[in-house]
Amino acid sequence: MSYTIVESGLIFGPFLESECFPIENSTLYKNIGNGVKMVEFVLCRPNTLKEPVLWMVEAKHSSPHPGNVQDFSDFIHEIKEKMVNALSLCFAAILKRHPVDKGIVPASIQSIDLSLCKVRCILVLNGHPEAWLPPIQDALRASLSPTNKTWNLDPNSVVVLNENLAARYRLLQAT
Amino acid sequence: MLDTICLENFGPLQSLQWSGLGRINLVLGENGSGKSFLLKALYTAIRTLEEYRRGDEQSTAAEILAHKLYWTFQCEKIGDLVTKGADASLSLSIDVDTQNFSYKFGKDTTKQITSLQNEVAPRSSNSIYLPAKEVLSIHSIILKSRETDKSFGFDDTYVDLARALRQAPRQGRNYKEFADARKNLMDLIGGRIEHDEDSGRWSFRKGNQRFAIGVTAEGVKKIAILDTLLSNRYLDTHSIVFIDEPESALHPKAISELMEIIVLLAKSGIQFFLASHSYFVVKKLFLLSQQYSMSIPVLSAEPQGWKKDDLLQGIPENSIINESISLYKEEVGLSLV
């Protein structure tokens, strides 16, 4: 069985059920209730060294121009909040801190070694030219820096993509 | 104001036409693409028009131009400026306030320019070229090398700037935009430079403290030079300012503030030509062009020739922005593979 996830005008996937945790639509998240913003889904993708990597993926239609300081800063703050919540909820689920049915969290994620696993916080912006992406990635990385440091994540754990790059990295089907 | 530029076989500039120029004009390109060369070519033409018939000057425009080209490009004979291997002559044609100034000469020309047409009325304004390096700490050396030793080393852009800085500050009301710009420049560096006539030395004054110019930061000296040219009235509202690498020695934040000051001065009437390879210069000027709906023509050196755009229409594809994207993609590749 596989998942496709439709979000922000993009069709993500298909992903194997064993590698994808559609966290935003999960009973785990729904049981928590309102007030916790969440990313769309979490993937477990091994890197070239066969190490498991958790991809927390959020999708957006647009972002404010960095020149619009207040809107841009609110936007970055919202994405950061979703990423931090996703990291917490995912780790909490793996640690079995929530009473949920077996199989809600895919086995590849449930069995991951939290002391070693790598994390990627990925924002996919639909319709953004490549030239707009570097400053957004820089801003999101700066915003997530305290989280990066406290969890000892890789310095390159924050990634911002448009739909073309997302397809290149197998998040979407190439059109 | 320079309206139109046309050069043929001028050193690395084989063929270039650029019209519809604005108050601020940006030249982009990698090292060795001919950006500085273009600015110097324009500077020599404008300074020729400004020195011609000034005061008791009796030299012809052709004599002034030949002298200016010789000391600016410092080649054995000015014919060496003709593009290597070119069959035709070097030529330059510019429109200044809709009037034309043009000249041409061949590769065998030593110092006699026989073909020169000038419809431009004598200019009372002074234009200036600000090189990438500051000149304050070597001010006296520059002047001595030319005025005493008559030797190559510092080209005319340095010598003219050193002479312009020698003029004492003038009291009295300055143009409003100049006064505003000077206030912003002072806020940016926190002080002003002063020249001591007796010792011939420059110093940087910050509040009640005075610092030797040798221990003053490069970026501060660079900003202070522009401030001095506004305070001693060397520049007026019809001047043209050529700035080579305005970004050099400046923090990105200072680059942004300098670009804002340049826009302020451009509104007063000064025309700017900036040669840059800075991401921050391009980005900030793009934002300012949008903010003020201001045309900022851009000339980009591309492998297939010069490309013309306007920042008002967006940031053109160019190697500076492309490098930023390339680094970003490299980073994404490291993260997701």
# chains A, B, ... in the order shown; residues from 1 in each chain; ligands from 1

$ residues_around --residues "range 69-79 of chain A" --least-positions-apart "2" --cutoff "10 Å" --atoms "only C-alpha atoms" --output "CSV table (one decimal) with N, CA and C atoms, in the first residue's frame"
chain,number,residue,atom,x,y,z
A,37,LYS,N,0.2,23.3,15.9
A,37,LYS,CA,0.4,23.3,14.5
A,37,LYS,C,1.3,22.2,14.0
A,38,MET,N,1.0,21.6,12.9
A,38,MET,CA,1.8,20.4,12.5
A,38,MET,C,2.1,20.4,11.0
A,39,VAL,N,3.2,19.8,10.7
A,39,VAL,CA,3.7,19.6,9.3
A,39,VAL,C,2.7,18.6,8.6
A,58,GLU,N,6.7,20.1,5.2
A,58,GLU,CA,5.6,21.1,5.2
A,58,GLU,C,5.5,21.7,3.8
A,59,ALA,N,4.3,21.9,3.4
A,59,ALA,CA,4.1,22.5,2.0
A,59,ALA,C,3.3,23.8,2.1
A,60,LYS,N,3.7,24.8,1.3
A,60,LYS,CA,3.0,26.1,1.3
A,60,LYS,C,2.8,26.5,-0.2
A,62,SER,N,2.6,29.8,-1.0
A,62,SER,CA,3.4,31.0,-1.2
A,62,SER,C,4.1,31.4,0.1
A,63,SER,N,5.0,32.4,0.0
A,63,SER,CA,5.6,33.0,1.2
A,63,SER,C,5.7,34.5,1.0
A,64,PRO,N,5.6,35.3,2.0
A,64,PRO,CA,5.7,36.7,1.9
A,64,PRO,C,7.1,37.1,1.4
A,65,HIS,N,7.2,38.2,0.7
A,65,HIS,CA,8.5,38.7,0.3
A,65,HIS,C,9.4,39.0,1.5
A,66,PRO,N,10.7,38.6,1.5
A,66,PRO,CA,11.5,39.0,2.7
A,66,PRO,C,11.6,40.4,3.0
A,67,GLY,N,11.3,41.3,2.0
A,67,GLY,CA,11.3,42.7,2.2
A,67,GLY,C,10.1,43.2,3.1
A,81,GLU,N,7.4,26.8,14.1
A,81,GLU,CA,6.6,26.1,15.1
A,81,GLU,C,6.1,24.8,14.7
A,82,LYS,N,5.7,24.7,13.4
A,82,LYS,CA,5.3,23.4,12.9
A,82,LYS,C,6.4,22.3,12.9
A,83,MET,N,7.6,22.8,12.6
A,83,MET,CA,8.7,21.8,12.5
A,83,MET,C,9.1,21.4,14.0
A,84,VAL,N,9.1,22.3,14.9
A,84,VAL,CA,9.4,21.9,16.3
A,84,VAL,C,8.4,21.0,16.9
A,85,ASN,N,7.1,21.3,16.6
A,85,ASN,CA,6.0,20.4,17.1
A,85,ASN,C,6.1,19.0,16.4
A,121,CYS,N,14.3,19.2,8.2
A,121,CYS,CA,13.1,20.0,8.2
A,121,CYS,C,12.9,20.6,6.9
A,122,ILE,N,11.9,20.1,6.1
A,122,ILE,CA,11.8,20.5,4.7
A,122,ILE,C,10.5,21.3,4.4
A,123,LEU,N,10.7,22.5,3.9
A,123,LEU,CA,9.6,23.3,3.5
A,123,LEU,C,9.5,23.3,1.9
A,136,ILE,N,15.1,32.4,2.0
A,136,ILE,CA,14.1,31.8,2.9
A,136,ILE,C,14.7,30.6,3.7
A,137,GLN,N,15.6,29.9,3.0
A,137,GLN,CA,16.3,28.8,3.7
A,137,GLN,C,17.2,29.4,4.8
A,139,ALA,N,16.8,32.2,6.4
A,139,ALA,CA,15.9,32.7,7.5
A,139,ALA,C,15.4,31.6,8.3
A,140,LEU,N,14.9,30.5,7.7
A,140,LEU,CA,14.3,29.4,8.5
A,140,LEU,C,15.4,28.6,9.3
A,141,ARG,N,16.6,28.5,8.7
A,141,ARG,CA,17.7,27.9,9.4
A,141,ARG,C,18.0,28.7,10.6
A,142,ALA,N,18.1,30.0,10.5
A,142,ALA,CA,18.4,30.9,11.7
A,142,ALA,C,17.3,30.7,12.7
A,143,SER,N,16.1,30.7,12.3
A,143,SER,CA,15.0,30.5,13.3
A,143,SER,C,15.0,29.2,14.0
A,144,LEU,N,15.4,28.1,13.3
A,144,LEU,CA,15.4,26.8,13.9
A,144,LEU,C,16.8,26.5,14.6

$ interface_residues --of "chain B" --to "chain A" --cutoff "8 Å" --atoms "only C-alpha atoms" --output "ChimeraX atom specification"
/B:287,321-322,324-325,328,331-332,334-337

$ residues_around --residues "Gln112 in chain B" --least-positions-apart "3" --cutoff "8 Å" --atoms "only C-alpha atoms" --output "PyMOL selection string"
chain B and resi 62-63+66+109

$ write_last_selection --atoms "C-alpha atoms" --output "mmCIF file, in the first residue's frame"
data_model
loop_
_atom_site.group_PDB
_atom_site.id
_atom_site.type_symbol
_atom_site.label_atom_id
_atom_site.label_comp_id
_atom_site.auth_asym_id
_atom_site.auth_seq_id
_atom_site.Cartn_x
_atom_site.Cartn_y
_atom_site.Cartn_z
ATOM 1 C CA ALA B 62 41.556 66.110 -28.327
ATOM 2 C CA GLU B 63 44.695 67.059 -26.373
ATOM 3 C CA ALA B 66 44.717 61.986 -25.190
ATOM 4 C CA THR B 109 48.022 56.413 -32.594
#

$ residues_around --residues "range 1-3 of chain B" --least-positions-apart "2" --cutoff "6 Å" --atoms "only C-alpha atoms" --output "list in words"
Gly20, Leu21, Asp95, Val96 and Asp97 of chain B

$ select_by_dssp --residues "range 71-154 of chain A" --states "strand (DSSP E)" --output "PyMOL selection string"
chain A and resi 118-125

$ atom_distance --atom1 "CA of Leu171 in chain A" --atom2 "CA of Gly33 in chain A"
27.8 Å

$ residues_around --residues "Leu65 in chain B" --least-positions-apart "4" --cutoff "10 Å" --atoms "only C-alpha atoms" --output "ChimeraX atom specification"
/B:44-49,51-52,59-61,69-71,103,111-113,116

$ residues_around --residues "Asn164 in chain A" --least-positions-apart "3" --cutoff "10 Å" --atoms "only C-alpha atoms" --output "count of residues only"
17

$ residues_around --residues "Glu134 in chain B" --least-positions-apart "2" --cutoff "7 Å" --atoms "only C-alpha atoms" --output "list in words"
Ala132, Leu136, Glu218, Lys221 and Lys222 of chain B

$ decode --residues "range 66-210 of chain B" --atoms "C-alpha atoms" --output "compact mmCIF listing (two decimals), in the first residue's frame"
# COMPACT_ATOMS: atom_id res chain seq x y z
CA ALA B 66 44.72 61.99 -25.19
CA HIS B 67 46.37 63.10 -21.94
CA LYS B 68 43.51 61.68 -19.89
CA LEU B 69 43.56 58.33 -21.70
CA TYR B 70 47.35 58.09 -21.35
CA TRP B 71 47.37 58.72 -17.61
CA THR B 72 44.21 56.74 -16.85
CA PHE B 73 45.08 53.58 -18.74
CA GLN B 74 48.86 54.06 -18.51
CA CYS B 75 49.80 52.32 -21.73
CA GLU B 76 52.85 53.25 -23.81
CA LYS B 77 50.74 54.78 -26.56
CA ILE B 78 46.99 55.27 -26.56
CA GLY B 79 46.72 53.13 -29.71
CA ASP B 80 47.40 50.17 -27.40
CA LEU B 81 43.82 50.62 -26.15
CA VAL B 82 42.44 49.35 -29.46
CA THR B 83 41.14 45.79 -29.02
CA LYS B 84 43.90 43.32 -29.90
CA GLY B 85 43.36 41.85 -33.36
CA ALA B 86 40.63 44.34 -34.28
CA ASP B 87 40.73 45.63 -37.84
CA ALA B 88 38.73 48.77 -37.18
CA SER B 89 39.52 51.77 -35.00
CA LEU B 90 38.59 52.23 -31.38
CA SER B 91 35.56 54.48 -31.10
CA LEU B 92 33.50 55.98 -28.32
CA SER B 93 30.29 57.93 -28.68
CA ILE B 94 28.27 59.28 -25.78
CA ASP B 95 25.24 61.52 -25.49
CA VAL B 96 25.43 63.94 -22.59
CA ASP B 97 22.19 65.86 -21.98
CA THR B 98 21.17 64.77 -25.50
CA GLN B 99 24.31 66.29 -27.09
CA ASN B 100 26.89 64.02 -28.68
CA PHE B 101 30.59 63.61 -27.97
CA SER B 102 32.52 61.08 -30.01
CA TYR B 103 36.03 60.18 -31.04
CA LYS B 104 37.97 57.41 -32.68
CA PHE B 105 41.57 56.47 -33.30
CA GLY B 106 43.58 53.53 -34.61
CA LYS B 107 46.13 51.20 -33.08
CA ASP B 108 49.12 53.22 -34.34
CA THR B 109 48.02 56.41 -32.59
CA THR B 110 50.58 57.62 -30.09
CA LYS B 111 48.92 60.72 -28.69
CA GLN B 112 47.28 62.64 -31.54
CA ILE B 113 43.53 62.08 -31.80
CA THR B 114 42.43 63.48 -35.14
CA SER B 115 38.82 62.39 -35.19
CA LEU B 116 36.79 64.01 -32.41
CA GLN B 117 33.36 65.65 -32.52
CA ASN B 118 31.96 67.57 -29.61
CA GLU B 119 28.49 69.11 -29.41
CA VAL B 120 28.40 69.12 -25.60
CA ALA B 121 28.49 72.55 -23.95
CA PRO B 122 31.39 73.06 -21.50
CA ARG B 123 30.54 71.53 -18.15
CA SER B 124 31.17 73.37 -14.89
CA SER B 125 30.45 70.28 -12.77
CA ASN B 126 33.06 67.81 -11.57
CA SER B 127 32.74 64.10 -11.98
CA ILE B 128 34.76 61.60 -10.01
CA TYR B 129 35.83 57.98 -10.08
CA LEU B 130 35.99 56.18 -6.75
CA PRO B 131 38.36 53.22 -7.07
CA ALA B 132 37.84 50.01 -5.13
CA LYS B 133 40.69 50.88 -2.74
CA GLU B 134 40.61 53.88 -0.45
CA VAL B 135 43.15 56.63 -1.08
CA LEU B 136 43.39 58.52 2.20
CA SER B 137 46.24 56.52 3.72
CA ILE B 138 48.34 56.97 0.55
CA HIS B 139 47.06 60.42 -0.36
CA SER B 140 50.43 62.20 -0.34
CA ILE B 141 52.16 59.30 -2.09
CA ILE B 142 49.65 59.42 -4.94
CA LEU B 143 50.10 63.16 -5.40
CA LYS B 144 53.91 62.95 -5.22
CA SER B 145 54.06 60.13 -7.76
CA ARG B 146 52.30 62.30 -10.31
CA GLU B 147 53.08 65.90 -9.44
CA THR B 148 56.72 65.43 -8.52
CA ASP B 149 57.87 62.15 -10.05
CA LYS B 150 55.57 62.12 -13.13
CA SER B 151 55.60 58.36 -12.99
CA PHE B 152 53.10 55.60 -13.76
CA GLY B 153 51.66 53.66 -10.85
CA PHE B 154 48.57 55.51 -9.70
CA ASP B 155 46.27 56.14 -12.62
CA ASP B 156 44.31 59.34 -13.13
CA THR B 157 41.28 58.03 -11.25
CA TYR B 158 43.44 57.96 -8.09
CA VAL B 159 45.22 61.24 -8.82
CA ASP B 160 42.01 63.13 -9.60
CA LEU B 161 40.41 61.80 -6.44
CA ALA B 162 43.45 62.73 -4.33
CA ARG B 163 43.30 66.25 -5.79
CA ALA B 164 39.56 66.53 -5.24
CA LEU B 165 39.97 65.56 -1.59
CA ARG B 166 42.61 68.27 -1.16
CA GLN B 167 39.95 70.96 -1.54
CA ALA B 168 38.98 72.33 1.85
CA PRO B 169 35.44 71.82 3.18
CA ARG B 170 33.17 74.79 2.49
CA GLN B 171 30.82 76.39 4.98
CA GLY B 172 27.30 77.49 4.22
CA ARG B 173 24.15 75.87 3.00
CA ASN B 174 24.61 72.70 1.00
CA TYR B 175 22.00 71.04 -1.25
CA LYS B 176 19.33 69.51 0.98
CA GLU B 177 19.91 65.99 -0.35
CA PHE B 178 23.66 66.43 0.14
CA ALA B 179 23.12 67.53 3.75
CA ASP B 180 20.80 64.55 4.34
CA ALA B 181 23.26 62.20 2.68
CA ARG B 182 26.12 63.57 4.80
CA LYS B 183 24.11 63.02 7.96
CA ASN B 184 23.41 59.41 6.91
CA LEU B 185 27.07 58.88 6.00
CA MET B 186 28.12 60.18 9.40
CA ASP B 187 25.58 57.93 11.13
CA LEU B 188 27.00 55.03 9.16
CA ILE B 189 30.61 55.49 10.23
CA GLY B 190 30.15 57.51 13.41
CA GLY B 191 32.47 60.37 12.50
CA ARG B 192 34.23 62.36 9.81
CA ILE B 193 37.70 62.63 8.35
CA GLU B 194 39.77 65.80 8.60
CA HIS B 195 42.84 66.97 6.77
CA ASP B 196 45.59 68.80 8.63
CA GLU B 197 47.11 71.31 6.22
CA ASP B 198 50.33 71.70 8.27
CA SER B 199 51.20 68.01 8.56
CA GLY B 200 49.44 67.01 5.34
CA ARG B 201 47.88 64.11 7.22
CA TRP B 202 44.35 62.80 7.42
CA SER B 203 42.71 61.72 10.63
CA PHE B 204 39.31 60.30 11.60
CA ARG B 205 37.38 62.24 14.19
CA LYS B 206 34.75 60.40 16.22
CA GLY B 207 33.21 62.57 18.94
CA ASN B 208 36.10 64.08 20.85
CA GLN B 209 38.50 61.36 19.79
CA ARG B 210 40.85 61.61 16.86
